[in-house]
file model_26.cif (mmCIF, C-alpha atoms)
data_coords
loop_
_atom_site.label_atom_id
_atom_site.label_comp_id
_atom_site.auth_asym_id
_atom_site.auth_seq_id
_atom_site.Cartn_x
_atom_site.Cartn_y
_atom_site.Cartn_z
CA MET A 1431 42.34 143.93 131.97
CA LYS A 1432 39.93 141.06 131.28
CA SER A 1433 40.77 137.91 129.36
CA ILE A 1434 38.79 135.22 127.58
CA ILE A 1435 40.25 131.70 127.65
CA LEU A 1436 38.94 129.38 124.95
CA VAL A 1437 38.42 125.93 126.47
CA GLY A 1438 35.35 124.69 124.61
CA GLY A 1439 36.97 122.15 122.29
CA MET A 1440 36.40 118.40 122.60
CA GLY A 1441 40.12 117.52 122.54
CA THR A 1442 39.64 114.76 119.99
CA ARG A 1443 43.39 114.38 119.37
CA LEU A 1444 43.86 113.45 123.04
CA ARG A 1445 41.24 110.73 123.14
CA PRO A 1446 40.65 108.48 125.01
CA LEU A 1447 41.89 110.71 127.88
CA THR A 1448 39.40 113.44 126.95
CA TYR A 1449 36.39 111.16 127.06
CA GLU A 1450 36.52 111.63 130.84
CA MET A 1451 37.75 115.22 131.20
CA PRO A 1452 38.41 118.33 129.09
CA LYS A 1453 41.97 118.56 127.83
CA GLN A 1454 42.69 121.75 129.78
CA MET A 1455 41.92 119.85 133.01
CA LEU A 1456 44.49 117.15 132.23
CA PRO A 1457 47.34 117.30 134.78
CA LEU A 1458 50.66 118.97 134.13
CA VAL A 1459 52.83 117.21 136.74
CA GLY A 1460 49.87 116.87 139.08
CA VAL A 1461 48.28 120.28 138.43
CA PRO A 1462 45.48 120.91 135.90
CA MET A 1463 46.94 122.67 132.86
CA ILE A 1464 44.35 125.44 133.08
CA GLU A 1465 45.89 126.58 136.37
CA CYS A 1466 49.24 127.10 134.64
CA VAL A 1467 47.52 129.38 132.12
CA PHE A 1468 45.92 131.38 134.94
CA GLU A 1469 49.24 131.74 136.75
CA MET A 1470 50.83 133.17 133.61
CA LEU A 1471 48.00 135.67 133.17
CA ALA A 1472 48.13 136.72 136.82
CA GLN A 1473 51.79 137.65 136.38
CA HIS A 1474 50.71 140.22 133.77
CA GLY A 1475 47.96 141.88 135.76
CA ILE A 1476 44.93 140.08 134.34
CA SER A 1477 42.25 140.54 136.99
CA GLU A 1478 39.31 138.64 135.53
CA VAL A 1479 38.96 135.69 133.17
CA VAL A 1480 35.93 134.44 131.30
CA LEU A 1481 36.19 130.73 130.54
CA SER A 1482 34.49 130.07 127.21
CA LEU A 1483 33.08 126.59 127.79
CA GLY A 1484 31.42 124.03 125.58
CA TYR A 1485 32.60 120.47 126.21
CA LEU A 1486 32.11 119.03 129.73
CA PRO A 1487 31.73 122.47 131.32
CA ASN A 1488 30.87 121.16 134.78
CA HIS A 1489 34.41 119.84 135.20
CA PHE A 1490 35.67 123.42 135.34
CA ILE A 1491 32.79 124.81 137.37
CA SER A 1492 32.93 122.13 140.07
CA ALA A 1493 36.75 122.22 140.30
CA TYR A 1494 36.84 125.91 141.24
CA PRO A 1495 33.74 126.58 143.34
CA ASP A 1496 35.17 129.75 144.89
CA GLY A 1497 35.36 131.35 141.44
CA SER A 1498 39.08 132.08 141.28
CA ILE A 1499 42.45 130.62 140.29
CA ALA A 1500 45.79 132.20 141.24
CA GLY A 1501 43.89 135.21 142.57
CA VAL A 1502 42.18 135.82 139.23
CA LYS A 1503 38.38 136.00 139.23
CA ILE A 1504 36.57 133.48 137.01
CA SER A 1505 33.22 133.61 135.28
CA TYR A 1506 31.82 130.90 133.03
CA ALA A 1507 30.23 131.40 129.60
CA VAL A 1508 28.75 128.08 128.44
CA GLU A 1509 27.96 127.99 124.72
CA PRO A 1510 24.48 126.64 123.92
CA GLU A 1511 25.99 125.11 120.77
CA PRO A 1512 29.47 125.08 119.20
CA LEU A 1513 30.22 128.53 117.80
CA ASP A 1514 33.85 128.07 116.64
CA THR A 1515 36.63 130.37 117.83
CA ALA A 1516 35.25 133.80 116.89
CA GLY A 1517 31.70 132.88 117.82
CA ALA A 1518 32.95 131.75 121.20
CA ILE A 1519 34.85 135.01 121.69
CA ARG A 1520 31.76 137.12 120.94
CA PHE A 1521 29.52 134.96 123.13
CA ALA A 1522 31.93 135.12 126.09
CA ALA A 1523 32.58 138.86 125.67
CA GLU A 1524 28.87 139.67 125.63
CA TYR A 1525 28.26 137.40 128.61
CA ALA A 1526 30.95 139.23 130.61
CA GLY A 1527 30.03 142.70 129.38
CA ILE A 1528 33.47 143.37 127.94
CA ASP A 1529 33.61 146.91 126.52
CA GLU A 1530 37.32 147.70 126.49
CA THR A 1531 40.59 146.23 125.22
CA PHE A 1532 40.74 142.54 126.16
CA LEU A 1533 42.97 139.48 125.83
CA VAL A 1534 42.09 136.13 124.25
CA VAL A 1535 44.08 132.99 125.04
CA ASN A 1536 43.82 129.42 123.75
CA GLY A 1537 43.53 127.27 126.85
CA ASP A 1538 45.61 124.38 125.50
CA VAL A 1539 48.72 126.49 124.83
CA LEU A 1540 51.49 126.77 127.42
CA THR A 1541 53.72 129.80 127.00
CA ASP A 1542 55.98 132.27 128.77
CA LEU A 1543 54.86 135.02 126.41
CA ASP A 1544 55.37 138.56 127.67
CA VAL A 1545 51.70 139.54 127.61
CA THR A 1546 52.52 142.99 129.01
CA ALA A 1547 54.77 143.69 126.01
CA LEU A 1548 52.10 142.38 123.62
CA VAL A 1549 49.49 144.76 125.04
CA ALA A 1550 51.94 147.67 124.86
CA PHE A 1551 52.72 146.84 121.20
CA HIS A 1552 49.00 146.71 120.44
CA ARG A 1553 48.37 150.14 121.93
CA ALA A 1554 51.47 151.73 120.41
CA HIS A 1555 50.32 150.71 116.92
CA GLY A 1556 46.69 151.74 117.38
CA ALA A 1557 45.67 148.23 116.36
CA GLU A 1558 42.18 146.79 116.31
CA GLY A 1559 43.65 143.35 116.81
CA THR A 1560 47.15 142.05 117.61
CA ILE A 1561 48.36 138.47 117.33
CA ALA A 1562 51.29 136.95 119.19
CA LEU A 1563 53.57 135.07 116.75
CA HIS A 1564 55.91 132.16 117.34
CA PRO A 1565 58.49 130.57 115.00
CA VAL A 1566 58.10 126.83 114.30
CA GLN A 1567 59.91 124.33 112.10
CA ASP A 1568 56.74 123.08 110.38
CA PRO A 1569 54.06 125.76 110.01
CA SER A 1570 51.64 123.56 108.07
CA ARG A 1571 49.54 122.74 111.16
CA PHE A 1572 49.01 126.39 112.08
CA GLY A 1573 47.91 129.78 110.84
CA VAL A 1574 50.87 131.49 109.15
CA VAL A 1575 51.09 135.27 109.52
CA VAL A 1576 52.92 137.56 107.09
CA THR A 1577 53.71 141.10 108.27
CA ASN A 1578 55.49 144.20 107.01
CA ASP A 1579 58.41 145.78 108.87
CA ASP A 1580 56.04 147.67 111.18
CA GLY A 1581 54.19 144.54 112.23
CA ARG A 1582 51.06 145.21 110.18
CA VAL A 1583 49.60 141.91 108.98
CA GLU A 1584 49.61 141.59 105.21
CA ALA A 1585 48.31 138.03 104.96
CA PHE A 1586 46.84 135.40 107.25
CA ILE A 1587 47.10 131.93 105.75
CA GLU A 1588 45.50 129.06 107.66
CA LYS A 1589 47.47 125.78 107.57
CA PRO A 1590 49.36 126.15 104.27
CA PRO A 1591 51.35 123.24 102.83
CA ARG A 1592 54.82 123.30 104.35
CA GLU A 1593 56.58 123.97 101.05
CA GLU A 1594 54.23 126.89 100.30
CA ALA A 1595 54.38 128.67 103.66
CA PRO A 1596 55.82 132.19 103.13
CA THR A 1597 57.16 132.34 106.70
CA ASN A 1598 57.58 130.11 109.74
CA LEU A 1599 55.90 132.62 112.06
CA ILE A 1600 52.58 131.20 113.20
CA ASN A 1601 49.57 132.37 115.15
CA ALA A 1602 50.52 131.51 118.74
CA GLY A 1603 46.96 131.62 120.08
CA THR A 1604 47.14 134.81 122.14
CA TYR A 1605 45.37 137.95 120.91
CA VAL A 1606 44.75 141.50 122.08
CA LEU A 1607 41.45 142.78 120.69
CA GLU A 1608 39.38 145.94 120.74
CA PRO A 1609 35.62 145.67 121.40
CA SER A 1610 35.02 146.82 117.79
CA VAL A 1611 36.16 143.37 116.65
CA LEU A 1612 33.02 141.86 118.18
CA ALA A 1613 30.84 143.71 115.66
CA ARG A 1614 32.69 141.87 112.88
CA ILE A 1615 31.48 138.51 114.23
CA ASP A 1616 27.98 137.41 113.23
CA ALA A 1617 25.90 136.36 116.22
CA GLY A 1618 24.37 132.93 116.46
CA ARG A 1619 26.49 131.05 113.92
CA ARG A 1620 29.85 129.32 113.76
CA VAL A 1621 32.55 131.86 112.92
CA SER A 1622 36.29 131.17 112.78
CA VAL A 1623 38.56 133.94 114.01
CA GLU A 1624 41.41 132.47 111.97
CA ARG A 1625 39.55 132.01 108.67
CA GLU A 1626 37.11 134.92 108.72
CA VAL A 1627 37.82 137.61 111.29
CA PHE A 1628 41.60 137.92 111.02
CA PRO A 1629 41.64 138.03 107.20
CA ALA A 1630 38.97 140.76 107.35
CA LEU A 1631 41.03 142.78 109.84
CA ALA A 1632 44.14 142.31 107.71
CA ALA A 1633 42.26 143.57 104.63
CA ALA A 1634 41.20 146.63 106.63
CA GLY A 1635 44.80 147.27 107.69
CA THR A 1636 43.95 147.13 111.42
CA LEU A 1637 45.56 143.81 112.31
CA PHE A 1638 49.10 143.72 113.71
CA ALA A 1639 51.34 140.96 115.00
CA MET A 1640 54.35 140.72 117.31
CA ALA A 1641 56.89 137.89 117.19
CA ASP A 1642 58.25 136.43 120.40
CA ASP A 1643 60.72 133.60 120.96
CA ALA A 1644 59.28 132.67 124.38
CA TYR A 1645 58.57 129.09 125.40
CA TRP A 1646 55.48 127.93 123.50
CA LEU A 1647 53.78 124.56 123.23
CA ASP A 1648 50.42 123.50 121.83
CA THR A 1649 49.51 120.61 124.13
CA GLY A 1650 46.70 119.26 121.98
CA THR A 1651 48.33 115.95 120.97
CA PRO A 1652 49.60 113.04 123.10
CA ALA A 1653 53.20 113.80 122.05
CA THR A 1654 53.02 117.49 122.98
CA PHE A 1655 51.07 116.88 126.19
CA LEU A 1656 53.77 114.41 127.18
CA GLN A 1657 56.46 116.92 126.18
CA ALA A 1658 54.87 119.60 128.37
CA ASN A 1659 55.20 117.34 131.40
CA ILE A 1660 58.79 116.42 130.53
CA ASP A 1661 59.66 120.10 130.14
CA VAL A 1662 58.46 120.79 133.69
CA LEU A 1663 60.38 117.80 135.01
CA ASN A 1664 63.51 119.19 133.39
CA GLY A 1665 63.31 122.68 134.80
CA ARG A 1666 60.53 124.71 133.24
CA ASP A 1667 58.48 126.29 136.03
CA ALA A 1668 60.25 124.02 138.51
CA THR A 1669 59.02 125.99 141.54
CA ARG A 1670 55.84 123.89 141.53
CA LEU A 1671 57.96 120.78 142.12
CA ALA A 1672 59.37 121.69 145.53
CA GLN A 1673 58.37 118.26 146.82
CA GLY A 1674 58.34 114.85 145.18
CA LEU A 1675 61.01 115.45 142.50
CA VAL A 1676 63.88 112.96 142.34
CA GLY A 1677 66.16 113.54 139.38
CA THR A 1678 63.72 114.04 136.50
CA THR A 1679 60.90 112.00 138.05
CA TRP A 1680 58.01 113.32 140.16
CA CYS A 1681 56.03 111.04 142.46
CA HIS A 1682 53.02 112.09 144.49
CA SER A 1683 53.36 111.30 148.18
CA THR A 1684 50.32 108.99 148.07
CA SER A 1685 51.84 106.70 145.42
CA ARG A 1686 53.92 103.54 145.93
CA VAL A 1687 56.92 102.79 143.71
CA ALA A 1688 59.00 99.62 144.14
CA ASP A 1689 62.68 100.17 144.86
CA SER A 1690 63.65 98.04 141.85
CA ALA A 1691 61.69 100.24 139.41
CA ARG A 1692 63.67 102.50 137.06
CA LEU A 1693 62.04 105.81 136.26
CA VAL A 1694 63.34 108.54 133.93
CA ASN A 1695 61.29 111.60 132.96
CA ALA A 1696 58.26 110.08 134.64
CA VAL A 1697 55.22 111.57 136.36
CA VAL A 1698 53.58 109.34 138.97
CA ASP A 1699 50.42 111.11 140.09
CA ARG A 1700 48.44 110.47 143.26
CA ASN A 1701 47.40 106.98 144.38
CA CYS A 1702 49.45 105.16 141.72
CA VAL A 1703 51.22 101.82 142.19
CA VAL A 1704 54.43 100.87 140.34
CA GLY A 1705 55.58 97.27 140.73
CA GLU A 1706 58.93 95.48 140.81
CA ASN A 1707 61.41 95.79 137.93
CA VAL A 1708 59.24 98.27 136.07
CA VAL A 1709 60.83 100.63 133.51
CA LEU A 1710 59.14 103.99 132.90
CA GLU A 1711 60.83 106.37 130.46
CA ASP A 1712 59.04 109.55 129.34
CA VAL A 1713 55.78 108.39 130.89
CA ILE A 1714 52.80 109.95 132.64
CA LEU A 1715 50.82 107.88 135.12
CA MET A 1716 47.57 109.68 135.85
CA PRO A 1717 45.83 109.33 139.25
CA GLY A 1718 45.15 105.78 140.40
CA ALA A 1719 47.07 104.03 137.60
CA VAL A 1720 48.59 100.64 138.43
CA VAL A 1721 51.66 99.22 136.67
CA GLN A 1722 52.28 95.62 137.65
CA ASP A 1723 55.66 93.86 137.86
CA ASN A 1724 58.15 93.58 135.00
CA VAL A 1725 56.42 96.10 132.74
CA GLN A 1726 58.25 98.42 130.33
CA ILE A 1727 56.56 101.65 129.21
CA ARG A 1728 58.16 104.34 127.05
CA SER A 1729 56.85 107.65 125.69
CA SER A 1730 53.28 106.88 126.72
CA ILE A 1731 50.40 108.15 128.83
CA ILE A 1732 48.50 105.89 131.22
CA GLY A 1733 45.08 107.22 132.14
CA PRO A 1734 43.32 107.38 135.50
CA ARG A 1735 42.80 104.04 137.26
CA ALA A 1736 44.13 102.06 134.30
CA VAL A 1737 45.91 98.77 135.04
CA ILE A 1738 48.89 97.55 133.01
CA GLY A 1739 49.35 93.80 133.41
CA THR A 1740 52.65 92.08 134.22
CA THR A 1741 55.40 91.73 131.59
CA SER A 1742 53.62 94.09 129.19
CA VAL A 1743 55.61 96.35 126.86
CA LEU A 1744 54.04 99.65 125.74
CA GLY A 1745 55.25 102.47 123.54
CA PRO A 1746 56.15 104.56 121.89
CA THR A 1747 53.50 106.12 121.64
CA CYS A 1748 50.57 104.62 123.56
CA VAL A 1749 47.66 106.35 125.25
CA VAL A 1750 45.66 104.21 127.67
CA GLY A 1751 42.26 105.54 128.69
CA ALA A 1752 40.64 105.71 132.10
CA GLU A 1753 39.97 102.38 133.83
CA VAL A 1754 41.31 100.31 130.92
CA SER A 1755 42.93 97.01 131.88
CA VAL A 1756 45.78 95.88 129.65
CA ALA A 1757 46.25 92.12 129.88
CA GLU A 1758 49.54 90.67 131.08
CA GLY A 1759 52.12 90.10 128.38
CA SER A 1760 50.60 92.69 126.04
CA GLN A 1761 52.77 94.50 123.49
CA PHE A 1762 51.71 97.77 121.90
CA SER A 1763 53.74 100.30 119.94
CA GLY A 1764 53.13 103.08 117.48
CA ASP A 1765 50.32 105.60 117.83
CA VAL A 1766 47.99 103.33 119.79
CA GLN A 1767 44.96 104.53 121.76
CA LEU A 1768 43.38 102.06 124.14
CA GLY A 1769 39.93 103.08 125.31
CA ALA A 1770 37.10 101.31 127.07
CA GLY A 1771 36.61 97.79 125.75
CA GLN A 1772 40.11 97.65 124.20
CA SER A 1773 42.40 95.44 126.21
CA GLY A 1774 44.56 92.42 125.70
CA GLY A 1775 47.78 91.86 123.80
CA ILE A 1776 49.05 91.45 120.33
#
call {"tool": "encode", "arguments": {"input": "model_26.cif", "output": "structure tokens"}}
result
Amino acid sequence: MKSIILVGGMGTRLRPLTYEMPKQMLPLVGVPMIECVFEMLAQHGISEVVLSLGYLPNHFISAYPDGSIAGVKISYAVEPEPLDTAGAIRFAAEYAGIDETFLVVNGDVLTDLDVTALVAFHRAHGAEGTIALHPVQDPSRFGVVVTNDDGRVEAFIEKPPREEAPTNLINAGTYVLEPSVLARIDAGRRVSVEREVFPALAAAGTLFAMADDAYWLDTGTPATFLQANIDVLNGRDATRLAQGLVGTTWCHSTSRVADSARLVNAVVDRNCVVGENVVLEDVILMPGAVVQDNVQIRSSIIGPRAVIGTTSVLGPTCVVGAEVSVAEGSQFSGDVQLGAGQSGGI
């Protein structure tokens, strides 16, 4: 079976980190997140993936010059202009010549979903489209899906107010689709699969959905991207951490961490430096980051080659962009993003 992975978004919620790289290429404990998605798909027999690209496409193409990840063949469909989710699906499917049942995955979602079971459910119900569902506490940021007892979708409500949501089961960003769905998507314009295509399928009675309580995380915000890394540090998919894990902290072998530093739930990627008496709690240091002496950082992300000056206190929740220098003695807290040209203390 072939799959389309949607990775064309600009990742605005993760700025300034995504000024330099697409969000799906951000590291999950030292490994680009997109590779984790491929590994999951490979476990369920996906043989070929089309990456639907838009923003900074060359980052993907140059990273995988042999055209495969985890043994899965890759092809690249680069949108000439933003086409939204459904437009991107049609463009990628036509580019790859997809003419049979296929899978669509949002590239910024990490999940242990049983894709094999989802495909079997889809076929057993003779569906034109099938959506994986996931229960959440607050469905207001997602597409809420209402089904009957057989799994047929009765309503698809995009981002309802929390108090008005009829269920807490949300669109989990993984779909099984028949090629006939492509004909429902107008070519050459922006079309939303959530706001146009799925409601049309539901009205036709050909859209089904299957709930699953698997691990699921939308990594599109600093808090959830940080949580994804902490989840790995604390046992999810721990096989990738055979080396470099001490307690709940992972340090790349090329990095230097002072003996007096205290690290809890921390990722220290390659070529980082952590000084004396530093405290890192729930922190990601991306490649080349430098944390000078007597710094405290909590629930924050430090971007590539950034420098945090001595005695600074950051977080929660700070995001420091690539190559930003934070002056010594700085103090930042709250939802603070420090990009190029933003340094110094308050």
call {"tool": "residues_around", "arguments": {"input": "model_26.cif", "residues": "range 1534-1536 of chain A", "least_positions_apart": "6", "cutoff": "9 Å", "atoms": "only C-alpha atoms", "output": "list in words"}}
result
Lys1432, Ser1433, Ile1434, Ile1435, Leu1436, Val1437, Val1467, Ile1519, Ala1602, Gly1603, Thr1604, Tyr1605, Val1606 and Leu1607 of chain A
call {"tool": "atom_distance", "arguments": {"input": "model_26.cif", "atom1": "CA of Phe1521 in chain A", "atom2": "CA of Tyr1485 in chain A"}}
result
15.1 Å
call {"tool": "closest_residue", "arguments": {"input": "model_26.cif", "among": "A:Leu1563, A:Ala1617, A:Ala1639, A:Ala1644", "to": "Asn1578 in chain A", "atoms": "only C-alpha atoms"}}
result
A:Ala1639
call {"tool": "closest_residue", "arguments": {"input": "model_26.cif", "among": "A:Glu1608, A:Glu1511, A:Pro1565, A:Arg1625", "to": "Lys1589 in chain A", "atoms": "all atoms listed in the file"}}
result
A:Arg1625
call {"tool": "atom_distance", "arguments": {"input": "model_26.cif", "atom1": "CA of Phe1762 in chain A", "atom2": "CA of Gly1739 in chain A"}}
result
12.4 Å
call {"tool": "atom_distance", "arguments": {"input": "model_26.cif", "atom1": "CA of Phe1638 in chain A", "atom2": "CA of Val1575 in chain A"}}
result
9.6 Å
call {"tool": "resolve_selection", "arguments": {"input": "model_26.cif", "expression": "the PyMOL selection byres ((chain A and resi 1763-1765) around 6)", "output": "NGL selection string"}}
result
:A and (1744-1748 or 1762 or 1766)
